[in-house]
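Q: Below: one structure in structure tokens.
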Amino acid sequence: MAKYTGGMQVGGGYYYSARHWAVEVVPSEGGRLPGDVASHYVKIPFPALFVVVPLLGALFLMFLPMIGFAMLGYAIVKRLAGGARKSAEELASTITPGWQPGEAHFTGKPGEEKPAGEARPELKALEREIEARKGGDKK
């Protein structure tokens with residue numbers, strides 16, 4: 001049996017995709033198979049359809065209850081894991097350090113007043129020198 005991919009130009013016939021559990025019908029004039037390159041198809045002769053299609057239906061009916069239970073279990077686990085994740089995030093936010101990268105830490109804390117006369121005299125001299133140089137460059 002030849003293998004075909006989605007989007008290929010093919011002759012008329014019946015093409016089965018195991019990934020999608022579907023049989024695609026292509027008219028006798030030919031046409032393109034649906035899907036992208038990741039979709040794979042196998043051409044099936046007409047008499048084989050009488051075996052393949054009922055078999056697919058029976059498998060679907062047998063596994064449908066299991067699919068339902070599996071989805072229910074997945075939803076429960078996802079809900080429980082989501083709650084645990086939220087709790088872990090809340091816990092992590094309480095134990096993180098008070099600093100953030102890139103913050104200035106020598107400016108004091110918010111709401112903290114600086115006492116008058118705290119400026120050091122060497123900083124005042126440096127400010128005057130900077131102002132003098134700035135004024136000298138502008139002229």
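By convention here, the chains of the structure tokens are called A, B, ... in the order presented, each chain's residues are numbered starting at 1, and ligands are numbered starting at 1 in the order presented.
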If we count only C-alpha atoms, what is near Tyr15 (chain A) at a cut-off of 7 Å, once residues fewer than 4 positions away on the same chain are taken out, given as a PyMOL selection string?
A: chain A and resi 23-25+41-44
